[in-house]
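Below is one structure, written out as structure tokens, with a few remarks after it.
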Amino acid sequence: MSPAGTGSADRPLLIANVSADTVTRRRFLQAVSAAGGLVLAAGFPAVAQAPEPRKFGRDSMPNGWRDDPLVFVSIAPDGIVSIVCHRSEMGQGVRTGMPMIVADELEADWKRVRVVQATGDEKRYGNQDTDGSRSTRHFFEPMRRCGAAARTMLEAAAAARWGVAVSEVEARNHEVIHAKSGRRASFGSLAQAAATQTVPARETVRLKDPSKFRYIGKGNLKLVDGPDITTGKAQYGIDTRLPDMVYAVVARPPVYGGKATSYDAAETLKVPGVLKVVEIEPSDGPAHFNPLGGVAVVARNTWAAIQGRRVLKVVWNDGTNATYDSTAFKREMEAAARKPGKVVRDNGSVDSALAGAAKRVEAEYYIPHLAHAPMEPPAATVRIVNGKAEAWAGVQSPQAARDLVAKRLGMSPDDVTVNVTLLGGGFGRKSKPDYIVEAAVISKAMEGKPVKVTWTREDDIQHTYFHTVSVEHLEAGLDAQGKPVAWMHRSVAPTLLSTFVAGAKNEAPLELGMGVINVPFAIPNVRIENPEAEAHTRIGWFRSVSNIPHAFAVQSFVAELAAAAGRDQKDYLLEIIGPPRRVSPEALNDAWNHDEASDLYPVDTGRLRRVVETVAREAGWGRKLPKGRGLGIAAHYSFVSYVASVVEVAVNDQGEVTIPRIDIAVDCGATVNPDRVRAQMQGAAVMGIGIATGSEISFKNGRAEQGNFDTYEVTRMAGAPREIRVHILPGDYARPMGGVGEPGVPPVPPAICNAIFAATGKRIRRLPIRDQLKA
Amino acid sequence: MTSVTVNGRRYDVDLPDDTPLLWALRDELGLTGTKFGCGMALCGACTVHVDGQPVRACVTTISAVASSKVTTIEGVGADRVGRAMQAAWVDLGVPQCGYCQAGQIMAATALVKRTPRPTDAQIDEAMTGNICRCGTYPRIRAAIKQAAAQGGTR
């Protein structure tokens with residue numbers, strides 16, 4: 001094994017065996033990293049060239065991982081330890097959590113640790129795609145080894161200085177101690193000598209026993225960015241300021257796939273402060289991570305650019321999506337959901353079991369498009385100097401940004417630097433660096449001047465990579481005792497593949513593996529189908545992705561079955577999950593399994609049961625509630641974590657819903673920063689409420705009908721629960737970890753609707769709820 | 001040319017009178033702590049104090065504040081309540097992405113200066129114009145109560 005630890009990454013970037021069955025979110029980015037999308041397109045349907053054995057987890061990621069202390073850790077003579085964070089901070093706390101892992105193993109004193117943000121450079125840092133709830137679970141071990149290796153080098157330097165055996169010295173809280181002689185040396189005084197030590201071979205690095213952790217799992221550290229955030233000093237992408245910088249906004253085609261046929265900028269150029277207008281070429285075919293095209297207005301400040309765009313006259317050719325209409329499309333999807341579709345899982349004989357059932361239940365659920373609407377809309381700054389481009393942006397995928405900017409400007413990625421600022425929210429939107437490419441194109445047209453592109457809120461809400469729209473059709477048969485004997489689920493939703501591959505109409509394995517096929521219920525006859533659906537807008541992943549519609553349908557339907565059987569929701573849910581067992585993803589026909597190995601990450605129904613039992617106990621399931629109040633429960637496995645929620649709702653005589661309290665139990669394995677796990681669950685509860693009660697993007701004449709927070713409703717203070725209680729199940733550091741950023745959201749909407757049913761007897765099958773309980 | 005006084009300092013700004021204060025602060029004065037979120041007074045990210053009152057800088061023109069005192073997140077720490085609010089935010093780990101928190105702190109500070117011990121209903125009323133997409137509302141509520149309980153003494 002190489003001493004400096006290059007992980008599994010020294011392999012070709014291109015994956016030749018990309019097929020519809022193996023494409024995943026990260027492989028989109030892998031393909032993008034390699035060639036800006038050509039590979040993915042060329043790779044369909046399958047180019048089989050001596051595929052290497054499948055890799056899992058962190059090994060499966062583009063550019064893998066690194067654990068080289070010389071890359072991640074540096075110590076100054078004054079003792080300040082700088083630790084590189086190579087993942088993007090968007091509120092999940094990674095700039096605190098990741099360096100904390102290194103610092104703990106290093107025996108560094110957190111007060112003397114500084115966090116350095118990596119630029120986009122996956123060859124150096126390993127995979128940086130901050131997406132898929134993966135950072136901690138993929139980098140916990142490499143970062144531990146990194147810190148431990150640096151500690152070992154400090155110990156070796158001290159032992160050499162004192163002429164004693166290295167086994168006699170020990171690093172402790174920012175110094176190395178020789179207990180026998182009482183000698184001590186500070187990290188700062190050892191820094192130079194330590195840097196010349198050989199990096200220990202990976203397999204010789206001695207990790208701490210978890211009982212010795214100072215920070216990991218303790219929740220005793222404040223956020224590294226807290227003081228800057230609360231004093232206005234924190235720098236987000238939109239805050240970038242450079243000498244001679246100019247400001248741009250872009251008029252984009254109102255319909256996906258449209259193009260500007262002509263424009264008249266006469267009035268625009270009269271606006272004080274407007275400098276120039278610049279055309280941006282759209283890409284042909286699926287959007288990928290490319291700009292949508294349009295016309296940019298460049299000005300001396302953002303406001304002037306916005307004013308200039310207001311009077312810009314553009315004639316658009318709307319293209320083939322000009323008739324996209326959400327009302328009509330819902331009917332189209334419902335029709336598809338009522339007819340057989342591509343079978344993606346088939347166990348037993350659903351048809352005969354349904355035919356012989358004592359009782360049949362059928363229901364259909366709808367969730368509209370959603371926009372991420374991060375509070376910081378997309379924004380990026382690019383300048384080009386002497387043939388080299390430099391970008392500043394809040395971006396989840398800095399390497400993809402680097403590669404795409406290079407491609408668009410005809411440069412080598414080596415000549416592009418992507419500086420990663422804080423993200424003012426990401427939620428999957430900022431995985432797609434189209435906005436950075438826009439800034440690069442405009443900067444080039446401005447002779448390389450620094451250009452900051454800012455998306456207005458309307459730009460963001462009308463031109464994002466929308467969460468898909470979906471109809472989920474479920475049928476079940478119950479026996480005479482009310483026990484389910486047959487389960488048929490048809491999932492219909494435009495696939496996010498359509499943004500990368502023209503004409504893709506079936507859900508990708510990663511979408512199906514998000515809670516539709518990998519549902520581990522103890523039901524003998526199961527068939528899952530996926531009828532086709534065509535995309536008419538730019539579909540992308542949104543926090544929790546397909547788990548949102550799938551969990552909403554599945555967990556609502558379980559409660560409907562409980563009602564049909566006259567049973568308690570929670571008891572029935574546990575019964576349908578069945579006894580504790582480890583179900584192999586293969587048995588569920590889930591080839592994806594989050595790209596994790598089946599033996600390490602089976603679907604563990606014991607863990608799913610445990611979060612249900614925990615949340616029910618902590619929430620006081622079964623407690624007496626006044627009229628108009630009800631409790632609902634839902635559980636969901638996603639991002640290899642297990643989450644269950646109990647929601648208490650209050651519905652008044654006017655049909656208005658309030659949510660006084662939510663309890664969430666999460667089993668994500670062992671935790672690094674339990675306070676951030678709690679924060680992610682609290683935030684997920686709030687986002688889940690928004691999805692359930694108010695958020696909707698609808699299209700008419702190909703255009704999104706919403707534009708700002710007046711029409712696109714998100715949860716506000718008054719609509720948030722006064723109490724959100726998070727119950728973290730204990731984990732073991734020797735066991736694989738689960739994700740945290742996304743798995744909290746999916747159980748919330750169904751738990752809300754199940755609670756509404758308990759409170760009112762009314763079943764909500766279409767989100768958002770809005771005024772469905774009124775009248 | 002319009003003059004604006006921000007955090008106790010007077011600036012001459014060479015922008016059209018109807019330019020929103022938000023863009024003057026961010027693009028001309030370099031005070032980027034005040035955030036753009038919606039441009040229509042719908043989200044509160046740009047909340048500043050004008051003569052002590054919380055206003056949305058995205059819909060307030062520079063000419064409207066020419067004879068007023070503007071305080072932004074960069075300056076609110078000079079105020080006892082503002083400082084207590086910032087400290088409570090850090091102490092309770094309120095921020096996630098943090099982008100909206102400047103506006104939240106400005107709105108919360110104005111609330112507690114006006115209503116030293118706000119009730120939950122008063123917090124709802126004062127804060128519901130400030131969106132947090134990360135969903136930090138329960139901690140914002142707790143931080144307001146903590147800062148208020150300390151009476152802005154920190």
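So you can find residues: chains in the structure tokens are A, B, ... in the order shown, residues in each start at 1, and ligands are numbered from 1 in order.
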Quick one: pick out all strand (DSSP E) residues within chain B from a backbone DSSP run and write them as a PDB file with N, CA and C atoms, in the first residue's frame.
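This is the output file result24.pdb:
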```pdb
ATOM      1  N   THR B   2     -26.390  60.720  -3.031  1.00  0.00           N
ATOM      2  CA  THR B   2     -27.185  60.611  -1.811  1.00  0.00           C
ATOM      3  C   THR B   2     -26.234  60.251  -0.678  1.00  0.00           C
ATOM      4  N   SER B   3     -26.501  60.804   0.505  1.00  0.00           N
ATOM      5  CA  SER B   3     -25.712  60.422   1.672  1.00  0.00           C
ATOM      6  C   SER B   3     -26.522  59.459   2.534  1.00  0.00           C
ATOM      7  N   VAL B   4     -25.858  58.422   2.984  1.00  0.00           N
ATOM      8  CA  VAL B   4     -26.531  57.519   3.935  1.00  0.00           C
ATOM      9  C   VAL B   4     -25.589  57.301   5.121  1.00  0.00           C
ATOM     10  N   THR B   5     -26.203  57.166   6.292  1.00  0.00           N
ATOM     11  CA  THR B   5     -25.416  56.916   7.498  1.00  0.00           C
ATOM     12  C   THR B   5     -25.651  55.479   7.932  1.00  0.00           C
ATOM     13  N   VAL B   6     -24.577  54.699   7.879  1.00  0.00           N
ATOM     14  CA  VAL B   6     -24.689  53.273   8.179  1.00  0.00           C
ATOM     15  C   VAL B   6     -23.713  52.933   9.301  1.00  0.00           C
ATOM     16  N   ARG B   9     -21.442  55.624  10.379  1.00  0.00           N
ATOM     17  CA  ARG B   9     -20.528  56.243   9.424  1.00  0.00           C
ATOM     18  C   ARG B   9     -21.315  56.781   8.226  1.00  0.00           C
ATOM     19  N   ARG B  10     -20.902  57.964   7.781  1.00  0.00           N
ATOM     20  CA  ARG B  10     -21.613  58.614   6.682  1.00  0.00           C
ATOM     21  C   ARG B  10     -20.940  58.270   5.349  1.00  0.00           C
ATOM     22  N   TYR B  11     -21.766  57.894   4.388  1.00  0.00           N
ATOM     23  CA  TYR B  11     -21.249  57.538   3.057  1.00  0.00           C
ATOM     24  C   TYR B  11     -21.960  58.373   2.002  1.00  0.00           C
ATOM     25  N   ASP B  12     -21.218  58.815   1.007  1.00  0.00           N
ATOM     26  CA  ASP B  12     -21.839  59.418  -0.181  1.00  0.00           C
ATOM     27  C   ASP B  12     -21.964  58.324  -1.231  1.00  0.00           C
ATOM     28  N   VAL B  13     -23.145  58.201  -1.769  1.00  0.00           N
ATOM     29  CA  VAL B  13     -23.405  57.121  -2.716  1.00  0.00           C
ATOM     30  C   VAL B  13     -23.844  57.717  -4.044  1.00  0.00           C
ATOM     31  N   THR B  47     -33.131  42.310   6.254  1.00  0.00           N
ATOM     32  CA  THR B  47     -33.606  43.184   7.325  1.00  0.00           C
ATOM     33  C   THR B  47     -32.464  44.011   7.935  1.00  0.00           C
ATOM     34  N   VAL B  48     -32.678  45.313   7.998  1.00  0.00           N
ATOM     35  CA  VAL B  48     -31.757  46.231   8.681  1.00  0.00           C
ATOM     36  C   VAL B  48     -32.604  47.085   9.626  1.00  0.00           C
ATOM     37  N   HIS B  49     -31.953  47.888  10.435  1.00  0.00           N
ATOM     38  CA  HIS B  49     -32.698  48.840  11.279  1.00  0.00           C
ATOM     39  C   HIS B  49     -32.550  50.234  10.679  1.00  0.00           C
ATOM     40  N   VAL B  50     -33.663  50.908  10.530  1.00  0.00           N
ATOM     41  CA  VAL B  50     -33.641  52.314  10.137  1.00  0.00           C
ATOM     42  C   VAL B  50     -34.221  53.091  11.305  1.00  0.00           C
ATOM     43  N   GLN B  53     -35.981  50.844  13.704  1.00  0.00           N
ATOM     44  CA  GLN B  53     -37.104  50.024  13.239  1.00  0.00           C
ATOM     45  C   GLN B  53     -36.616  49.006  12.212  1.00  0.00           C
ATOM     46  N   PRO B  54     -37.127  47.774  12.301  1.00  0.00           N
ATOM     47  CA  PRO B  54     -36.716  46.791  11.293  1.00  0.00           C
ATOM     48  C   PRO B  54     -37.368  47.097   9.948  1.00  0.00           C
ATOM     49  N   VAL B  55     -36.579  47.199   8.909  1.00  0.00           N
ATOM     50  CA  VAL B  55     -37.139  47.400   7.569  1.00  0.00           C
ATOM     51  C   VAL B  55     -36.437  46.450   6.602  1.00  0.00           C
ATOM     52  N   ARG B  56     -37.106  46.214   5.474  1.00  0.00           N
ATOM     53  CA  ARG B  56     -36.525  45.355   4.435  1.00  0.00           C
ATOM     54  C   ARG B  56     -35.756  46.247   3.473  1.00  0.00           C
ATOM     55  N   LYS B  69     -30.671  56.947  10.427  1.00  0.00           N
ATOM     56  CA  LYS B  69     -29.525  56.129  10.837  1.00  0.00           C
ATOM     57  C   LYS B  69     -29.828  54.674  10.519  1.00  0.00           C
ATOM     58  N   VAL B  70     -28.956  54.099   9.695  1.00  0.00           N
ATOM     59  CA  VAL B  70     -29.130  52.698   9.299  1.00  0.00           C
ATOM     60  C   VAL B  70     -28.164  51.834  10.114  1.00  0.00           C
ATOM     61  N   THR B  71     -28.679  50.734  10.649  1.00  0.00           N
ATOM     62  CA  THR B  71     -27.806  49.768  11.321  1.00  0.00           C
ATOM     63  C   THR B  71     -27.928  48.437  10.599  1.00  0.00           C
TER      64      THR B  71
END
```
Find the residues of chain B that sit at most 7 Å from chain A; for each, write down the nearest two atoms and how far apart they are in Å, to one decimal. Count only C-alpha atoms. Sort by chain, then by number going up, and give it as JSON lines.
```
{"residue": "B:Trp23", "atom": "CA", "partner": "A:Trp303", "partner_atom": "CA", "distance": 6.2}
{"residue": "B:Asp27", "atom": "CA", "partner": "A:Asn301", "partner_atom": "CA", "distance": 5.9}
{"residue": "B:Thr32", "atom": "CA", "partner": "A:Asp239", "partner_atom": "CA", "distance": 5.7}
{"residue": "B:Gly33", "atom": "CA", "partner": "A:Gly232", "partner_atom": "CA", "distance": 3.9}
{"residue": "B:Gly37", "atom": "CA", "partner": "A:Met375", "partner_atom": "CA", "distance": 5.7}
{"residue": "B:Cys38", "atom": "CA", "partner": "A:Arg457", "partner_atom": "CA", "distance": 5.1}
{"residue": "B:Leu42", "atom": "CA", "partner": "A:Phe709", "partner_atom": "CA", "distance": 6.0}
{"residue": "B:Ile73", "atom": "CA", "partner": "A:Gly232", "partner_atom": "CA", "distance": 5.5}
{"residue": "B:Glu74", "atom": "CA", "partner": "A:Gly232", "partner_atom": "CA", "distance": 5.4}
{"residue": "B:Gln86", "atom": "CA", "partner": "A:Thr230", "partner_atom": "CA", "distance": 5.5}
{"residue": "B:Val90", "atom": "CA", "partner": "A:Gly226", "partner_atom": "CA", "distance": 5.4}
{"residue": "B:Gly93", "atom": "CA", "partner": "A:Lys222", "partner_atom": "CA", "distance": 6.7}
{"residue": "B:Pro95", "atom": "CA", "partner": "A:Gly226", "partner_atom": "CA", "distance": 6.9}
{"residue": "B:Gln96", "atom": "CA", "partner": "A:Gly91", "partner_atom": "CA", "distance": 3.8}
{"residue": "B:Cys97", "atom": "CA", "partner": "A:Gly91", "partner_atom": "CA", "distance": 3.5}
{"residue": "B:Gly98", "atom": "CA", "partner": "A:Ile229", "partner_atom": "CA", "distance": 5.8}
{"residue": "B:Tyr99", "atom": "CA", "partner": "A:Gly424", "partner_atom": "CA", "distance": 4.8}
{"residue": "B:Cys100", "atom": "CA", "partner": "A:Met375", "partner_atom": "CA", "distance": 6.6}
{"residue": "B:Gln101", "atom": "CA", "partner": "A:Thr230", "partner_atom": "CA", "distance": 6.7}
{"residue": "B:Ala102", "atom": "CA", "partner": "A:Thr230", "partner_atom": "CA", "distance": 6.1}
{"residue": "B:Asp124", "atom": "CA", "partner": "A:Ala718", "partner_atom": "CA", "distance": 4.9}
{"residue": "B:Met127", "atom": "CA", "partner": "A:Met717", "partner_atom": "CA", "distance": 6.3}
{"residue": "B:Thr128", "atom": "CA", "partner": "A:Met717", "partner_atom": "CA", "distance": 4.8}
{"residue": "B:Ile131", "atom": "CA", "partner": "A:Arg716", "partner_atom": "CA", "distance": 5.7}
{"residue": "B:Arg133", "atom": "CA", "partner": "A:Met375", "partner_atom": "CA", "distance": 6.3}
{"residue": "B:Cys134", "atom": "CA", "partner": "A:Gly683", "partner_atom": "CA", "distance": 5.3}
{"residue": "B:Gly135", "atom": "CA", "partner": "A:Gly683", "partner_atom": "CA", "distance": 4.1}
{"residue": "B:Thr136", "atom": "CA", "partner": "A:Gly683", "partner_atom": "CA", "distance": 6.0}
{"residue": "B:Tyr137", "atom": "CA", "partner": "A:Met717", "partner_atom": "CA", "distance": 5.7}
{"residue": "B:Pro138", "atom": "CA", "partner": "A:Arg722", "partner_atom": "CA", "distance": 6.2}
```
Please produce a file of the residues just selected, as a PDB file, in the first residue's frame, where the atoms kept are N, CA and C atoms.
```pdb
ATOM      1  N   TRP B  23     -28.909  47.096  -2.321  1.00  0.00           N
ATOM      2  CA  TRP B  23     -27.858  47.009  -3.328  1.00  0.00           C
ATOM      3  C   TRP B  23     -26.798  48.070  -3.118  1.00  0.00           C
ATOM      4  N   ASP B  27     -23.345  46.278  -2.931  1.00  0.00           N
ATOM      5  CA  ASP B  27     -22.490  46.433  -4.114  1.00  0.00           C
ATOM      6  C   ASP B  27     -21.617  47.684  -4.042  1.00  0.00           C
ATOM      7  N   THR B  32     -21.662  43.337   2.906  1.00  0.00           N
ATOM      8  CA  THR B  32     -22.373  42.201   2.325  1.00  0.00           C
ATOM      9  C   THR B  32     -23.073  41.335   3.374  1.00  0.00           C
ATOM     10  N   GLY B  33     -23.007  41.750   4.634  1.00  0.00           N
ATOM     11  CA  GLY B  33     -23.707  40.972   5.672  1.00  0.00           C
ATOM     12  C   GLY B  33     -25.219  41.009   5.491  1.00  0.00           C
ATOM     13  N   GLY B  37     -32.565  38.023  -0.680  1.00  0.00           N
ATOM     14  CA  GLY B  37     -33.285  36.747  -0.681  1.00  0.00           C
ATOM     15  C   GLY B  37     -34.446  36.713  -1.643  1.00  0.00           C
ATOM     16  N   CYS B  38     -35.128  37.855  -1.820  1.00  0.00           N
ATOM     17  CA  CYS B  38     -36.333  37.815  -2.659  1.00  0.00           C
ATOM     18  C   CYS B  38     -36.544  39.091  -3.455  1.00  0.00           C
ATOM     19  N   LEU B  42     -40.417  39.721   1.026  1.00  0.00           N
ATOM     20  CA  LEU B  42     -41.158  38.493   1.330  1.00  0.00           C
ATOM     21  C   LEU B  42     -40.398  37.547   2.244  1.00  0.00           C
ATOM     22  N   ILE B  73     -26.190  44.236  10.170  1.00  0.00           N
ATOM     23  CA  ILE B  73     -25.655  43.153  10.997  1.00  0.00           C
ATOM     24  C   ILE B  73     -24.203  43.443  11.406  1.00  0.00           C
ATOM     25  N   GLU B  74     -23.486  44.154  10.550  1.00  0.00           N
ATOM     26  CA  GLU B  74     -22.088  44.464  10.894  1.00  0.00           C
ATOM     27  C   GLU B  74     -22.002  45.421  12.073  1.00  0.00           C
ATOM     28  N   GLN B  86     -26.630  37.931  19.190  1.00  0.00           N
ATOM     29  CA  GLN B  86     -25.548  37.223  18.475  1.00  0.00           C
ATOM     30  C   GLN B  86     -24.950  36.124  19.352  1.00  0.00           C
ATOM     31  N   VAL B  90     -24.934  31.938  18.712  1.00  0.00           N
ATOM     32  CA  VAL B  90     -23.747  31.075  18.699  1.00  0.00           C
ATOM     33  C   VAL B  90     -23.888  29.989  19.763  1.00  0.00           C
ATOM     34  N   GLY B  93     -26.237  27.245  18.825  1.00  0.00           N
ATOM     35  CA  GLY B  93     -25.999  26.619  17.520  1.00  0.00           C
ATOM     36  C   GLY B  93     -27.167  26.824  16.571  1.00  0.00           C
ATOM     37  N   PRO B  95     -27.476  28.671  13.657  1.00  0.00           N
ATOM     38  CA  PRO B  95     -27.342  28.653  12.203  1.00  0.00           C
ATOM     39  C   PRO B  95     -27.153  27.254  11.632  1.00  0.00           C
ATOM     40  N   GLN B  96     -27.730  27.046  10.475  1.00  0.00           N
ATOM     41  CA  GLN B  96     -27.308  25.919   9.649  1.00  0.00           C
ATOM     42  C   GLN B  96     -26.491  26.550   8.519  1.00  0.00           C
ATOM     43  N   CYS B  97     -27.117  26.827   7.373  1.00  0.00           N
ATOM     44  CA  CYS B  97     -26.308  27.490   6.338  1.00  0.00           C
ATOM     45  C   CYS B  97     -25.947  28.908   6.750  1.00  0.00           C
ATOM     46  N   GLY B  98     -26.807  29.531   7.549  1.00  0.00           N
ATOM     47  CA  GLY B  98     -26.487  30.828   8.117  1.00  0.00           C
ATOM     48  C   GLY B  98     -26.886  32.033   7.284  1.00  0.00           C
ATOM     49  N   TYR B  99     -27.307  31.789   6.052  1.00  0.00           N
ATOM     50  CA  TYR B  99     -27.524  32.904   5.127  1.00  0.00           C
ATOM     51  C   TYR B  99     -28.615  33.864   5.604  1.00  0.00           C
ATOM     52  N   CYS B 100     -29.691  33.320   6.144  1.00  0.00           N
ATOM     53  CA  CYS B 100     -30.806  34.177   6.568  1.00  0.00           C
ATOM     54  C   CYS B 100     -30.580  34.777   7.942  1.00  0.00           C
ATOM     55  N   GLN B 101     -29.538  34.312   8.651  1.00  0.00           N
ATOM     56  CA  GLN B 101     -29.463  34.610  10.083  1.00  0.00           C
ATOM     57  C   GLN B 101     -29.183  36.081  10.381  1.00  0.00           C
ATOM     58  N   ALA B 102     -28.534  36.782   9.469  1.00  0.00           N
ATOM     59  CA  ALA B 102     -28.346  38.217   9.705  1.00  0.00           C
ATOM     60  C   ALA B 102     -29.710  38.897   9.813  1.00  0.00           C
ATOM     61  N   ASP B 124     -43.798  34.794  16.956  1.00  0.00           N
ATOM     62  CA  ASP B 124     -44.384  34.397  15.668  1.00  0.00           C
ATOM     63  C   ASP B 124     -44.652  35.621  14.803  1.00  0.00           C
ATOM     64  N   MET B 127     -41.389  37.465  13.703  1.00  0.00           N
ATOM     65  CA  MET B 127     -40.372  36.701  12.966  1.00  0.00           C
ATOM     66  C   MET B 127     -40.910  35.989  11.729  1.00  0.00           C
ATOM     67  N   THR B 128     -42.221  35.993  11.537  1.00  0.00           N
ATOM     68  CA  THR B 128     -42.749  35.138  10.470  1.00  0.00           C
ATOM     69  C   THR B 128     -42.460  35.691   9.082  1.00  0.00           C
ATOM     70  N   ILE B 131     -37.777  34.166   6.450  1.00  0.00           N
ATOM     71  CA  ILE B 131     -37.750  32.741   6.078  1.00  0.00           C
ATOM     72  C   ILE B 131     -36.381  32.147   6.377  1.00  0.00           C
ATOM     73  N   ARG B 133     -34.817  28.577   5.240  1.00  0.00           N
ATOM     74  CA  ARG B 133     -35.089  27.372   4.458  1.00  0.00           C
ATOM     75  C   ARG B 133     -34.482  26.129   5.121  1.00  0.00           C
ATOM     76  N   CYS B 134     -33.463  26.332   5.952  1.00  0.00           N
ATOM     77  CA  CYS B 134     -32.884  25.197   6.681  1.00  0.00           C
ATOM     78  C   CYS B 134     -33.791  24.757   7.828  1.00  0.00           C
ATOM     79  N   GLY B 135     -34.710  25.625   8.230  1.00  0.00           N
ATOM     80  CA  GLY B 135     -35.652  25.237   9.277  1.00  0.00           C
ATOM     81  C   GLY B 135     -35.124  25.387  10.685  1.00  0.00           C
ATOM     82  N   THR B 136     -34.421  26.490  10.947  1.00  0.00           N
ATOM     83  CA  THR B 136     -33.863  26.667  12.291  1.00  0.00           C
ATOM     84  C   THR B 136     -34.835  27.347  13.260  1.00  0.00           C
ATOM     85  N   TYR B 137     -36.085  27.456  12.880  1.00  0.00           N
ATOM     86  CA  TYR B 137     -37.044  28.227  13.689  1.00  0.00           C
ATOM     87  C   TYR B 137     -37.084  27.860  15.174  1.00  0.00           C
ATOM     88  N   PRO B 138     -37.102  26.560  15.519  1.00  0.00           N
ATOM     89  CA  PRO B 138     -37.176  26.262  16.964  1.00  0.00           C
ATOM     90  C   PRO B 138     -35.975  26.829  17.729  1.00  0.00           C
TER      91      PRO B 138
END
```
Give me the residues within 8 Å of range 342-354 of chain A as a ChimeraX atom specification, counting only C-alpha atoms and dropping any in the same chain fewer than 3 places off.
/A:357,360,476-477,485-488,517,524-532,588-589
Would you write out those residues with C-alpha atoms, as an mmCIF file, in the first residue's frame?
```cif
data_model
loop_
_atom_site.group_PDB
_atom_site.id
_atom_site.type_symbol
_atom_site.label_atom_id
_atom_site.label_comp_id
_atom_site.auth_asym_id
_atom_site.auth_seq_id
_atom_site.Cartn_x
_atom_site.Cartn_y
_atom_site.Cartn_z
ATOM 1 C CA ALA A 357 -58.011 -11.261 -0.796
ATOM 2 C CA ARG A 360 -58.849 -4.827 -1.388
ATOM 3 C CA ALA A 476 -53.201 -4.104 -1.545
ATOM 4 C CA GLY A 477 -55.109 -7.206 -0.569
ATOM 5 C CA VAL A 485 -51.114 -10.562 1.503
ATOM 6 C CA ALA A 486 -50.534 -8.557 -1.683
ATOM 7 C CA TRP A 487 -48.867 -5.212 -2.446
ATOM 8 C CA MET A 488 -48.792 -3.563 -5.860
ATOM 9 C CA ILE A 517 -38.524 -1.205 -4.520
ATOM 10 C CA PRO A 524 -45.494 -12.509 0.453
ATOM 11 C CA ASN A 525 -46.715 -11.087 -2.861
ATOM 12 C CA VAL A 526 -45.192 -7.835 -4.067
ATOM 13 C CA ARG A 527 -45.059 -6.273 -7.505
ATOM 14 C CA ILE A 528 -43.576 -2.873 -8.255
ATOM 15 C CA GLU A 529 -44.103 -1.284 -11.638
ATOM 16 C CA ASN A 530 -42.753 1.845 -13.238
ATOM 17 C CA PRO A 531 -44.868 3.133 -16.123
ATOM 18 C CA GLU A 532 -43.231 5.723 -18.367
ATOM 19 C CA LEU A 588 -35.618 -6.494 -3.147
ATOM 20 C CA ASN A 589 -34.223 -6.211 -6.682
#
```
If you run DSSP on the backbone, which residues of range 80-254 of chain A are alpha helix (DSSP H), as a ChimeraX atom specification?
/A:94-106,122-125,135-162,187-195,226-231
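Going from CA of Asn419 in chain A over to CA of Phe36 in chain B, you cover 21.0 Å.
For Ala87 in chain B, the residues within 8 Å (counting only C-alpha atoms, excluding itself and residues fewer than 3 positions away along the chain) are Arg83, Ala84, Val90, Asp91, Ala147 and Arg154 of chain B.
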Could you write out that same residue set with N, CA and C atoms as a PDB file, in the first residue's frame?
```pdb
ATOM      1  N   ARG B  83     -25.934  42.434  20.654  1.00  0.00           N
ATOM      2  CA  ARG B  83     -24.791  41.612  21.056  1.00  0.00           C
ATOM      3  C   ARG B  83     -25.270  40.341  21.780  1.00  0.00           C
ATOM      4  N   ALA B  84     -26.275  40.516  22.632  1.00  0.00           N
ATOM      5  CA  ALA B  84     -26.818  39.359  23.365  1.00  0.00           C
ATOM      6  C   ALA B  84     -27.456  38.372  22.393  1.00  0.00           C
ATOM      7  N   VAL B  90     -24.934  31.938  18.712  1.00  0.00           N
ATOM      8  CA  VAL B  90     -23.747  31.075  18.699  1.00  0.00           C
ATOM      9  C   VAL B  90     -23.888  29.989  19.763  1.00  0.00           C
ATOM     10  N   ASP B  91     -24.335  30.400  20.938  1.00  0.00           N
ATOM     11  CA  ASP B  91     -24.417  29.476  22.066  1.00  0.00           C
ATOM     12  C   ASP B  91     -25.356  28.310  21.782  1.00  0.00           C
ATOM     13  N   ALA B 147     -31.747  35.324  24.913  1.00  0.00           N
ATOM     14  CA  ALA B 147     -31.217  36.693  24.910  1.00  0.00           C
ATOM     15  C   ALA B 147     -32.128  37.616  25.713  1.00  0.00           C
ATOM     16  N   ARG B 154     -25.436  40.950  28.071  1.00  0.00           N
ATOM     17  CA  ARG B 154     -24.109  40.451  27.691  1.00  0.00           C
ATOM     18  C   ARG B 154     -23.359  41.414  26.796  1.00  0.00           C
TER      19      ARG B 154
END
```
